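Next comes run11.cif, a file with mmCIF, C-alpha atoms.
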```
data_entry
loop_
_atom_site.group_PDB
_atom_site.id
_atom_site.type_symbol
_atom_site.label_atom_id
_atom_site.label_comp_id
_atom_site.auth_asym_id
_atom_site.auth_seq_id
_atom_site.Cartn_x
_atom_site.Cartn_y
_atom_site.Cartn_z
ATOM 1 C CA MET A 1 -23.806 -10.353 10.928
ATOM 2 C CA HIS A 2 -25.498 -6.985 10.665
ATOM 3 C CA ALA A 3 -27.253 -5.623 13.744
ATOM 4 C CA THR A 4 -30.627 -5.406 12.017
ATOM 5 C CA ILE A 5 -32.371 -7.017 9.060
ATOM 6 C CA CYS A 6 -32.780 -3.533 7.571
ATOM 7 C CA ASP A 7 -28.992 -3.044 7.638
ATOM 8 C CA LEU A 8 -28.592 -6.289 5.711
ATOM 9 C CA ILE A 9 -31.227 -5.142 3.200
ATOM 10 C CA THR A 10 -29.370 -1.833 2.711
ATOM 11 C CA ASP A 11 -26.120 -3.665 2.049
ATOM 12 C CA LEU A 12 -27.719 -6.031 -0.483
ATOM 13 C CA VAL A 13 -29.584 -3.313 -2.408
ATOM 14 C CA GLN A 14 -26.317 -1.363 -2.622
ATOM 15 C CA ASN A 15 -24.768 -4.435 -4.273
ATOM 16 C CA SER A 16 -27.429 -4.114 -6.987
ATOM 17 C CA ILE A 17 -26.674 -0.413 -7.404
ATOM 18 C CA GLU A 18 -22.952 -1.121 -7.629
ATOM 19 C CA ALA A 19 -23.670 -3.831 -10.199
ATOM 20 C CA ALA A 20 -24.979 -1.001 -12.422
ATOM 21 C CA ALA A 21 -28.581 -2.216 -12.312
ATOM 22 C CA THR A 22 -31.184 0.060 -13.903
ATOM 23 C CA GLU A 23 -34.166 -1.836 -12.475
ATOM 24 C CA ILE A 24 -34.132 -3.091 -8.897
ATOM 25 C CA THR A 25 -37.042 -4.595 -6.996
ATOM 26 C CA LEU A 26 -36.960 -4.919 -3.219
ATOM 27 C CA ARG A 27 -39.789 -6.980 -1.737
ATOM 28 C CA VAL A 28 -40.122 -7.308 2.042
ATOM 29 C CA GLU A 29 -43.005 -9.383 3.384
ATOM 30 C CA GLN A 30 -43.677 -10.048 7.025
ATOM 31 C CA SER A 31 -46.194 -12.433 8.518
ATOM 32 C CA LYS A 32 -46.257 -14.336 11.793
ATOM 33 C CA ALA A 33 -44.792 -17.383 10.067
ATOM 34 C CA LYS A 34 -42.254 -15.827 7.724
ATOM 35 C CA LEU A 35 -40.058 -12.867 6.975
ATOM 36 C CA GLY A 36 -39.380 -12.947 3.262
ATOM 37 C CA ILE A 37 -36.980 -10.661 1.403
ATOM 38 C CA VAL A 38 -36.327 -10.585 -2.333
ATOM 39 C CA ILE A 39 -33.873 -8.270 -4.087
ATOM 40 C CA ALA A 40 -33.943 -8.656 -7.865
ATOM 41 C CA ASP A 41 -31.846 -6.608 -10.263
ATOM 42 C CA ASN A 42 -30.857 -6.423 -13.922
ATOM 43 C CA GLY A 43 -27.255 -5.520 -13.107
ATOM 44 C CA LYS A 44 -24.128 -7.125 -14.454
ATOM 45 C CA GLY A 45 -24.650 -10.421 -12.621
ATOM 46 C CA MET A 46 -22.037 -13.047 -11.812
ATOM 47 C CA ASP A 47 -21.042 -16.356 -13.342
ATOM 48 C CA ALA A 48 -21.116 -19.449 -11.113
ATOM 49 C CA ALA A 49 -17.409 -19.258 -10.238
ATOM 50 C CA THR A 50 -17.582 -15.588 -9.207
ATOM 51 C CA LEU A 51 -20.703 -16.180 -7.144
ATOM 52 C CA GLU A 52 -18.984 -19.019 -5.296
ATOM 53 C CA LYS A 53 -16.007 -16.753 -4.514
ATOM 54 C CA ALA A 54 -18.276 -13.897 -3.408
ATOM 55 C CA LYS A 55 -19.496 -16.078 -0.528
ATOM 56 C CA ASP A 56 -15.985 -15.993 0.931
ATOM 57 C CA PRO A 57 -15.530 -13.072 3.344
ATOM 58 C CA PHE A 58 -11.852 -12.827 2.348
ATOM 59 C CA TRP A 59 -12.596 -12.310 -1.328
ATOM 60 C CA THR A 60 -13.501 -9.127 -3.186
ATOM 61 C CA ASP A 61 -13.359 -8.245 -6.864
ATOM 62 C CA GLY A 62 -10.676 -5.679 -6.000
ATOM 63 C CA LEU A 63 -12.278 -2.930 -8.084
ATOM 64 C CA LYS A 64 -13.440 -0.679 -5.269
ATOM 65 C CA HIS A 65 -10.422 -0.859 -2.991
ATOM 66 C CA LYS A 66 -7.308 -2.077 -4.669
ATOM 67 C CA HIS A 67 -5.428 -3.430 -1.675
ATOM 68 C CA ARG A 68 -8.255 -4.865 0.330
ATOM 69 C CA LYS A 69 -9.099 -8.483 0.723
ATOM 70 C CA VAL A 70 -12.467 -8.512 2.408
ATOM 71 C CA GLY A 71 -16.038 -8.483 1.122
ATOM 72 C CA LEU A 72 -18.560 -9.005 3.877
ATOM 73 C CA GLY A 73 -21.932 -8.287 2.247
ATOM 74 C CA LEU A 74 -22.873 -11.773 1.004
ATOM 75 C CA PRO A 75 -21.139 -13.595 3.892
ATOM 76 C CA PHE A 76 -23.377 -11.591 6.261
ATOM 77 C CA LEU A 77 -26.401 -12.728 4.259
ATOM 78 C CA PHE A 78 -25.533 -16.432 4.507
ATOM 79 C CA GLN A 79 -24.431 -16.097 8.119
ATOM 80 C CA THR A 80 -27.806 -14.604 9.048
ATOM 81 C CA ALA A 81 -29.656 -17.446 7.328
ATOM 82 C CA GLU A 82 -27.466 -20.211 8.739
ATOM 83 C CA ALA A 83 -27.517 -18.887 12.301
ATOM 84 C CA THR A 84 -31.290 -18.615 12.422
ATOM 85 C CA GLY A 85 -32.521 -21.648 10.492
ATOM 86 C CA GLY A 86 -33.404 -19.565 7.453
ATOM 87 C CA VAL A 87 -32.691 -19.988 3.766
ATOM 88 C CA ALA A 88 -30.672 -17.634 1.559
ATOM 89 C CA ARG A 89 -30.429 -18.164 -2.190
ATOM 90 C CA ILE A 90 -28.714 -16.264 -4.964
ATOM 91 C CA VAL A 91 -29.521 -16.794 -8.608
ATOM 92 C CA SER A 92 -27.223 -14.853 -10.879
ATOM 93 C CA GLU A 93 -26.249 -14.798 -14.506
ATOM 94 C CA ALA A 94 -23.500 -12.673 -16.013
ATOM 95 C CA GLY A 95 -24.982 -9.907 -18.125
ATOM 96 C CA ILE A 96 -28.551 -10.636 -16.996
ATOM 97 C CA GLY A 97 -28.797 -9.801 -13.303
ATOM 98 C CA THR A 98 -29.031 -11.201 -9.818
ATOM 99 C CA THR A 99 -31.879 -12.249 -7.547
ATOM 100 C CA VAL A 100 -31.275 -12.679 -3.829
ATOM 101 C CA THR A 101 -33.945 -14.434 -1.779
ATOM 102 C CA LEU A 102 -33.933 -14.652 1.999
ATOM 103 C CA ASP A 103 -36.578 -16.526 3.982
ATOM 104 C CA LEU A 104 -36.337 -16.147 7.729
ATOM 105 C CA ASP A 105 -38.216 -17.412 10.774
ATOM 106 C CA PRO A 106 -39.480 -14.319 12.647
ATOM 107 C CA ALA A 107 -39.694 -16.325 15.870
ATOM 108 C CA HIS A 108 -36.077 -17.540 15.896
ATOM 109 C CA VAL A 109 -34.363 -16.338 19.055
ATOM 110 C CA ASP A 110 -31.129 -15.428 17.254
ATOM 111 C CA LEU A 111 -32.771 -13.365 14.516
ATOM 112 C CA PRO A 112 -31.509 -9.752 14.593
ATOM 113 C CA ALA A 113 -34.079 -7.023 15.224
ATOM 114 C CA PHE A 114 -35.924 -5.951 12.090
ATOM 115 C CA GLY A 115 -34.794 -2.311 12.279
ATOM 116 C CA ASN A 116 -36.324 0.882 10.968
ATOM 117 C CA PHE A 117 -37.697 0.289 7.493
ATOM 118 C CA ALA A 118 -38.739 3.921 6.911
ATOM 119 C CA THR A 119 -35.161 5.136 7.372
ATOM 120 C CA THR A 120 -33.827 2.268 5.272
ATOM 121 C CA ALA A 121 -36.225 2.963 2.407
ATOM 122 C CA THR A 122 -35.499 6.711 2.548
ATOM 123 C CA ALA A 123 -31.749 6.122 2.415
ATOM 124 C CA LEU A 124 -32.046 3.634 -0.453
ATOM 125 C CA MET A 125 -34.321 5.885 -2.492
ATOM 126 C CA GLY A 126 -31.905 8.760 -1.883
ATOM 127 C CA TYR A 127 -28.858 6.796 -3.023
ATOM 128 C CA GLY A 128 -27.703 8.565 -6.188
ATOM 129 C CA PHE A 129 -27.809 6.182 -9.145
ATOM 130 C CA ASP A 130 -29.225 6.152 -12.652
ATOM 131 C CA GLY A 131 -31.927 3.603 -12.275
ATOM 132 C CA ASN A 132 -35.249 2.713 -10.781
ATOM 133 C CA LEU A 133 -35.891 1.008 -7.469
ATOM 134 C CA VAL A 134 -39.301 -0.430 -6.689
ATOM 135 C CA ILE A 135 -40.118 -1.190 -3.074
ATOM 136 C CA GLU A 136 -42.922 -3.667 -2.445
ATOM 137 C CA ARG A 137 -43.821 -3.992 1.186
ATOM 138 C CA ARG A 138 -46.311 -6.270 2.909
ATOM 139 C CA ALA A 139 -47.046 -6.852 6.579
ATOM 140 C CA GLY A 140 -50.006 -8.512 8.252
ATOM 141 C CA GLY A 141 -52.003 -8.734 5.021
ATOM 142 C CA LYS A 142 -51.588 -5.060 4.109
ATOM 143 C CA GLY A 143 -49.057 -3.461 1.844
ATOM 144 C CA TYR A 144 -47.850 -0.682 -0.396
ATOM 145 C CA ALA A 145 -45.560 -0.342 -3.367
ATOM 146 C CA VAL A 146 -43.693 2.678 -4.651
ATOM 147 C CA ALA A 147 -41.118 3.348 -7.358
ATOM 148 C CA ARG A 148 -38.115 5.653 -7.140
ATOM 149 C CA ASN A 149 -39.092 7.230 -10.483
ATOM 150 C CA GLU A 150 -42.488 8.250 -9.090
ATOM 151 C CA LEU A 151 -40.975 9.662 -5.905
ATOM 152 C CA ALA A 152 -38.325 11.636 -7.796
ATOM 153 C CA GLU A 153 -41.063 13.097 -9.988
ATOM 154 C CA ALA A 154 -43.304 13.970 -7.017
ATOM 155 C CA LEU A 155 -40.460 15.549 -5.045
ATOM 156 C CA GLY A 156 -38.510 17.061 -7.945
ATOM 157 C CA GLY A 157 -35.315 15.319 -6.836
ATOM 158 C CA LEU A 158 -34.182 12.994 -4.090
ATOM 159 C CA ASP A 159 -31.093 14.652 -2.688
ATOM 160 C CA ASP A 160 -31.977 17.681 -0.581
ATOM 161 C CA ALA A 161 -32.840 17.752 3.106
ATOM 162 C CA GLY A 162 -36.363 19.079 2.545
ATOM 163 C CA GLY A 163 -37.335 16.393 0.038
ATOM 164 C CA MET A 164 -35.671 13.625 2.031
ATOM 165 C CA GLY A 165 -37.489 14.730 5.165
ATOM 166 C CA LEU A 166 -40.815 14.446 3.341
ATOM 167 C CA LEU A 167 -39.764 11.122 1.850
ATOM 168 C CA LYS A 168 -39.098 9.749 5.295
ATOM 169 C CA ARG A 169 -42.511 10.926 6.443
ATOM 170 C CA PHE A 170 -44.059 9.188 3.431
ATOM 171 C CA PHE A 171 -42.468 5.876 4.417
ATOM 172 C CA GLU A 172 -43.204 6.347 8.120
ATOM 173 C CA GLU A 173 -46.893 6.867 7.466
ATOM 174 C CA ASN A 174 -47.107 3.931 5.091
ATOM 175 C CA GLU A 175 -45.228 1.710 7.550
ATOM 176 C CA LYS A 176 -47.524 2.779 10.386
ATOM 177 C CA GLU A 177 -50.572 1.971 8.285
ATOM 178 C CA ILE A 178 -49.495 -1.555 7.375
ATOM 179 C CA ASN A 179 -48.108 -2.396 10.810
ATOM 180 C CA GLN A 180 -51.218 -1.348 12.689
ATOM 181 C CA GLY A 181 -52.727 -4.337 14.413
ATOM 182 C CA SER A 182 -50.241 -6.793 12.944
ATOM 183 C CA ASN A 183 -47.941 -6.954 15.944
ATOM 184 C CA MET G 15 -55.640 9.368 8.468
ATOM 185 C CA GLY G 16 -54.759 6.606 6.013
ATOM 186 C CA LYS G 17 -51.417 6.144 4.425
ATOM 187 C CA MET G 18 -49.798 8.945 2.476
ATOM 188 C CA THR G 19 -50.184 8.882 -1.284
ATOM 189 C CA LEU G 20 -47.814 10.182 -3.944
ATOM 190 C CA GLU G 21 -50.281 12.994 -4.643
ATOM 191 C CA GLU G 22 -50.167 14.140 -1.009
ATOM 192 C CA LEU G 23 -46.389 13.942 -1.081
ATOM 193 C CA ARG G 24 -46.301 16.160 -4.185
ATOM 194 C CA LYS G 25 -48.562 18.763 -2.549
ATOM 195 C CA LEU G 26 -46.479 18.855 0.635
ATOM 196 C CA ARG G 27 -43.375 19.364 -1.439
ATOM 197 C CA GLU G 28 -44.899 22.283 -3.306
ATOM 198 C CA THR G 29 -45.928 23.952 -0.064
ATOM 199 C CA LYS G 30 -42.448 23.504 1.413
ATOM 200 C CA LYS G 31 -40.777 24.693 -1.771
ATOM 201 C CA SER G 32 -42.563 28.005 -1.805
ATOM 202 C CA GLU G 33 -41.466 28.546 1.810
ATOM 203 C CA MET G 34 -37.903 27.689 0.873
ATOM 204 C CA ILE G 35 -37.588 30.075 -2.066
ATOM 205 C CA GLN G 36 -38.287 32.961 0.272
ATOM 206 C CA ARG G 37 -35.618 31.871 2.696
ATOM 207 C CA ASP G 38 -32.918 30.729 0.320
ATOM 208 C CA SER G 39 -30.919 33.853 -0.371
ATOM 209 C CA GLU G 40 -27.389 32.529 0.006
ATOM 210 C CA GLY G 41 -27.305 30.756 -3.319
ATOM 211 C CA LYS G 42 -25.069 27.679 -3.199
ATOM 212 C CA SER G 43 -26.106 24.963 -0.809
ATOM 213 C CA ALA G 44 -24.071 22.808 1.534
ATOM 214 C CA GLN G 45 -23.491 19.123 0.887
ATOM 215 C CA ILE G 46 -23.335 16.201 3.285
ATOM 216 C CA ILE G 47 -21.899 12.940 1.938
ATOM 217 C CA ILE G 48 -22.626 9.974 4.143
ATOM 218 C CA GLY G 49 -20.498 6.808 3.992
ATOM 219 C CA MET G 50 -22.944 3.916 3.642
ATOM 220 C CA GLY G 51 -20.615 1.010 2.985
ATOM 221 C CA THR G 52 -20.866 -2.290 4.881
ATOM 222 C CA CYS G 53 -18.587 -0.751 7.514
ATOM 223 C CA GLY G 54 -20.681 2.410 7.884
ATOM 224 C CA ILE G 55 -23.902 0.430 8.111
ATOM 225 C CA ALA G 56 -22.394 -1.883 10.721
ATOM 226 C CA ALA G 57 -21.221 1.110 12.758
ATOM 227 C CA GLY G 58 -24.739 2.510 12.893
ATOM 228 C CA VAL G 59 -24.675 5.185 10.194
ATOM 229 C CA LYS G 60 -28.476 5.069 9.959
ATOM 230 C CA ASP G 61 -28.674 6.878 13.296
ATOM 231 C CA ALA G 62 -26.556 9.670 11.817
ATOM 232 C CA PHE G 63 -28.654 9.700 8.634
ATOM 233 C CA ASP G 64 -31.854 10.054 10.674
ATOM 234 C CA ALA G 65 -30.316 12.732 12.887
ATOM 235 C CA PHE G 66 -29.110 14.781 9.880
ATOM 236 C CA LEU G 67 -32.572 14.708 8.296
ATOM 237 C CA ASP G 68 -34.310 15.537 11.539
ATOM 238 C CA GLU G 69 -31.965 18.322 12.647
ATOM 239 C CA LEU G 70 -31.853 19.994 9.205
ATOM 240 C CA ASN G 71 -35.624 19.920 8.865
ATOM 241 C CA SER G 72 -36.260 21.092 12.419
ATOM 242 C CA HIS G 73 -34.064 24.137 11.698
ATOM 243 C CA GLY G 74 -35.834 24.721 8.390
ATOM 244 C CA VAL G 75 -32.665 24.017 6.375
ATOM 245 C CA GLN G 76 -34.100 22.371 3.286
ATOM 246 C CA ASP G 77 -31.570 23.028 0.563
ATOM 247 C CA THR G 78 -28.617 21.079 1.993
ATOM 248 C CA LYS G 79 -27.780 18.179 -0.333
ATOM 249 C CA ILE G 80 -27.605 14.795 1.307
ATOM 250 C CA THR G 81 -25.823 12.185 -0.746
ATOM 251 C CA GLN G 82 -24.514 8.743 0.064
ATOM 252 C CA THR G 83 -21.401 6.933 -0.915
ATOM 253 C CA GLY G 84 -19.720 3.620 -0.167
ATOM 254 C CA CYS G 85 -16.764 3.058 2.118
ATOM 255 C CA MET G 86 -14.344 6.016 2.268
ATOM 256 C CA GLY G 87 -11.518 3.775 3.442
ATOM 257 C CA LEU G 88 -11.673 4.919 7.062
ATOM 258 C CA CYS G 89 -13.485 1.882 8.410
ATOM 259 C CA PHE G 90 -11.891 2.360 11.842
ATOM 260 C CA SER G 91 -13.645 5.699 12.269
ATOM 261 C CA GLU G 92 -17.074 4.820 10.906
ATOM 262 C CA PRO G 93 -19.606 6.252 10.570
ATOM 263 C CA THR G 94 -17.767 8.771 8.389
ATOM 264 C CA VAL G 95 -19.342 11.798 6.790
ATOM 265 C CA GLU G 96 -17.880 14.379 4.403
ATOM 266 C CA VAL G 97 -19.206 17.925 4.672
ATOM 267 C CA ALA G 98 -18.766 20.675 2.087
ATOM 268 C CA VAL G 99 -20.032 24.132 2.939
ATOM 269 C CA PRO G 100 -19.382 26.821 0.302
ATOM 270 C CA GLY G 101 -16.485 29.033 1.424
ATOM 271 C CA MET G 102 -15.210 26.497 3.959
ATOM 272 C CA PRO G 103 -12.703 23.629 3.636
ATOM 273 C CA ARG G 104 -14.184 20.198 2.825
ATOM 274 C CA VAL G 105 -13.761 17.947 5.816
ATOM 275 C CA VAL G 106 -14.354 14.322 6.711
ATOM 276 C CA TYR G 107 -15.820 13.685 10.122
ATOM 277 C CA GLY G 108 -15.378 10.353 11.888
ATOM 278 C CA ASN G 109 -17.331 8.525 14.580
ATOM 279 C CA VAL G 110 -20.477 10.401 13.629
ATOM 280 C CA ASP G 111 -23.295 9.091 15.777
ATOM 281 C CA GLY G 112 -26.676 10.800 16.047
ATOM 282 C CA ALA G 113 -25.476 13.392 18.558
ATOM 283 C CA VAL G 114 -22.432 14.343 16.465
ATOM 284 C CA ALA G 115 -24.617 14.573 13.344
ATOM 285 C CA ARG G 116 -26.831 17.085 15.147
ATOM 286 C CA ARG G 117 -23.746 19.066 16.193
ATOM 287 C CA ILE G 118 -22.495 19.123 12.580
ATOM 288 C CA VAL G 119 -25.817 20.608 11.457
ATOM 289 C CA ARG G 120 -25.897 23.242 14.209
ATOM 290 C CA GLU G 121 -22.206 24.153 14.352
ATOM 291 C CA HIS G 122 -20.941 23.556 10.801
ATOM 292 C CA ILE G 123 -23.907 23.846 8.397
ATOM 293 C CA ILE G 124 -25.692 26.626 10.285
ATOM 294 C CA GLY G 125 -22.939 28.132 12.480
ATOM 295 C CA LYS G 126 -20.147 27.903 9.846
ATOM 296 C CA ALA G 127 -17.603 26.545 12.352
ATOM 297 C CA LEU G 128 -15.861 23.152 12.111
ATOM 298 C CA VAL G 129 -16.622 20.462 14.678
ATOM 299 C CA SER G 130 -12.921 20.082 15.416
ATOM 300 C CA ASP G 131 -12.956 17.067 17.710
ATOM 301 C CA HIS G 132 -14.404 14.782 14.997
ATOM 302 C CA ILE G 133 -12.362 15.812 11.957
ATOM 303 C CA PHE G 134 -10.557 12.997 10.143
ATOM 304 C CA ASP G 135 -8.982 15.172 7.452
ATOM 305 C CA LYS G 136 -9.536 13.406 4.132
ATOM 306 C CA PRO G 137 -10.346 9.930 2.771
ATOM 307 C CA ALA G 138 -7.650 7.241 3.012
ATOM 308 C CA ALA G 139 -4.820 7.423 0.478
ATOM 309 C CA ASP G 140 -5.822 4.253 -1.391
ATOM 310 C CA ILE G 141 -9.295 5.649 -2.039
ATOM 311 C CA ILE G 142 -8.172 8.962 -3.555
ATOM 312 C CA LYS G 143 -6.903 8.513 -7.088
#
```

Output the structure of this file as structure tokens.
Amino acid sequence: MHATICDLITDLVQNSIEAAATEITLRVEQSKAKLGIVIADNGKGMDAATLEKAKDPFWTDGLKHKHRKVGLGLPFLFQTAEATGGVARIVSEAGIGTTVTLDLDPAHVDLPAFGNFATTATALMGYGFDGNLVIERRAGGKGYAVARNELAEALGGLDDAGGMGLLKRFFEENEKEINQGSN
Amino acid sequence: MGKMTLEELRKLRETKKSEMIQRDSEGKSAQIIIGMGTCGIAAGVKDAFDAFLDELNSHGVQDTKITQTGCMGLCFSEPTVEVAVPGMPRVVYGNVDGAVARRIVREHIIGKALVSDHIFDKPAADIIK
């Protein structure tokens, strides 16, 4: 499994990007009782048979790397849930999109560290693709939401070091604000 | 201070931009392509990503493009990063942790010299069409 929850989130959002989604929503909510993650996209989706195969670490659609026989993204998702008493669900329909839901117990001893959400959000927003990504974040009763479209407009682009540096500061300050007093 | 708003972000950007226009006389900018596949993520590429952003900004290099890609087919040498500086050969660096990322910024992007001990030539043959 991935070393941090944020690494897993990065991997799953990239699946949405690679599925040619134009609208992606990433929701990450933390409370004392639950860590809830939802990634919903309007990408190409999967039929039931493909989804079942995608859970197998030794299966890949073969489009990215012709001679390779591994695909670890979704297996990591289910492994994380199973190893920590959590629940992972995928609802997908070909041509419509995919929604991944992960509910985890923050107190489980085997749960990986959460990781650095500001870096994760900066990297995801900076990933070059023709679509929108909305991040909805909640922790300890506080939250913020921001869309990639708005950030690209405010920064005049999301691919240069100056803009990305500011973007990271934006997420760091918002993360600090919502995490104050909640841990 | 409360959390940063989009409006504040826009203002900061405008301030930084006007500083940059004065400095940017070389024209074409360098590009850093970071491999963010499952393998790169698992190998800790986020440390490199953070280090690139931090080192570039602390040296006032704002125009370098930072883009991300999936697996470059060199999973054994993750995190892998491709660097293209105008007038220099494109190279792929392997095993790029935070410290190596900082060296790439100082030695390659700013100093215009390759970081020879981390060069992995080019992406794997089955990735290049």

Chain A residues within 7 Å of chain G, counting only C-alpha atoms: which ones, as a list in words? His2, Ala3, Asp7, Asp11, His65, Gly73, Thr119, Tyr127, Gly128, Ala154, Leu155, Asp159, Asp160, Ala161, Gly162, Gly163, Gly165, Phe170, Glu173, Asn174 and Glu177 of chain A

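Residues in contact range of Gly95 (chain A), defined as at most 7 Å between all atoms listed in the file, with sequence neighbours fewer than 2 positions away removed, read A:Lys44, A:Gly45, A:Glu93, A:Gly97.
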
Extract, using all atoms listed in the file, all DNA, RNA and protein residues at most 12 Å from His122 (chain G), discarding same-chain residues fewer than 4 positions from it, and format them as a ChimeraX atom specification. /G:44-46,70,78,96-105,107,114-118,126-130,132-133

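We find CA of Thr99 (chain A) and CA of Cys89 (chain G) to be spaced 28.2 Å apart.
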
Need the shell around Glu52 (chain A): protein/DNA/RNA residues with any atom at most 12 Å away, counting only C-alpha atoms. Skip same-chain ones fewer than 4 positions apart. Format as a ChimeraX atom specification? /A:46-48,56-57,59-60,74-75,89-92

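One finds CA of Arg148 (chain A) at 27.7 Å from CA of Val110 (chain G).
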
Cut-off 8 Å around (-28.5, 27.8, 8.6) with only C-alpha atoms: residues as a compact mmCIF listing (two decimals) with C-alpha atoms, keeping the file's coordinate frame:
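Below is the file result-v4.txt, written as the result:
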```txt
# COMPACT_ATOMS: atom_id res chain seq x y z
CA HIS G 73 -34.06 24.14 11.70
CA GLY G 74 -35.83 24.72 8.39
CA VAL G 75 -32.66 24.02 6.38
CA ARG G 120 -25.90 23.24 14.21
CA ILE G 123 -23.91 23.85 8.40
CA ILE G 124 -25.69 26.63 10.28
CA GLY G 125 -22.94 28.13 12.48
```

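The space between CA of Asn42 (chain A) and CA of Ala19 (chain A) spans 8.5 Å.
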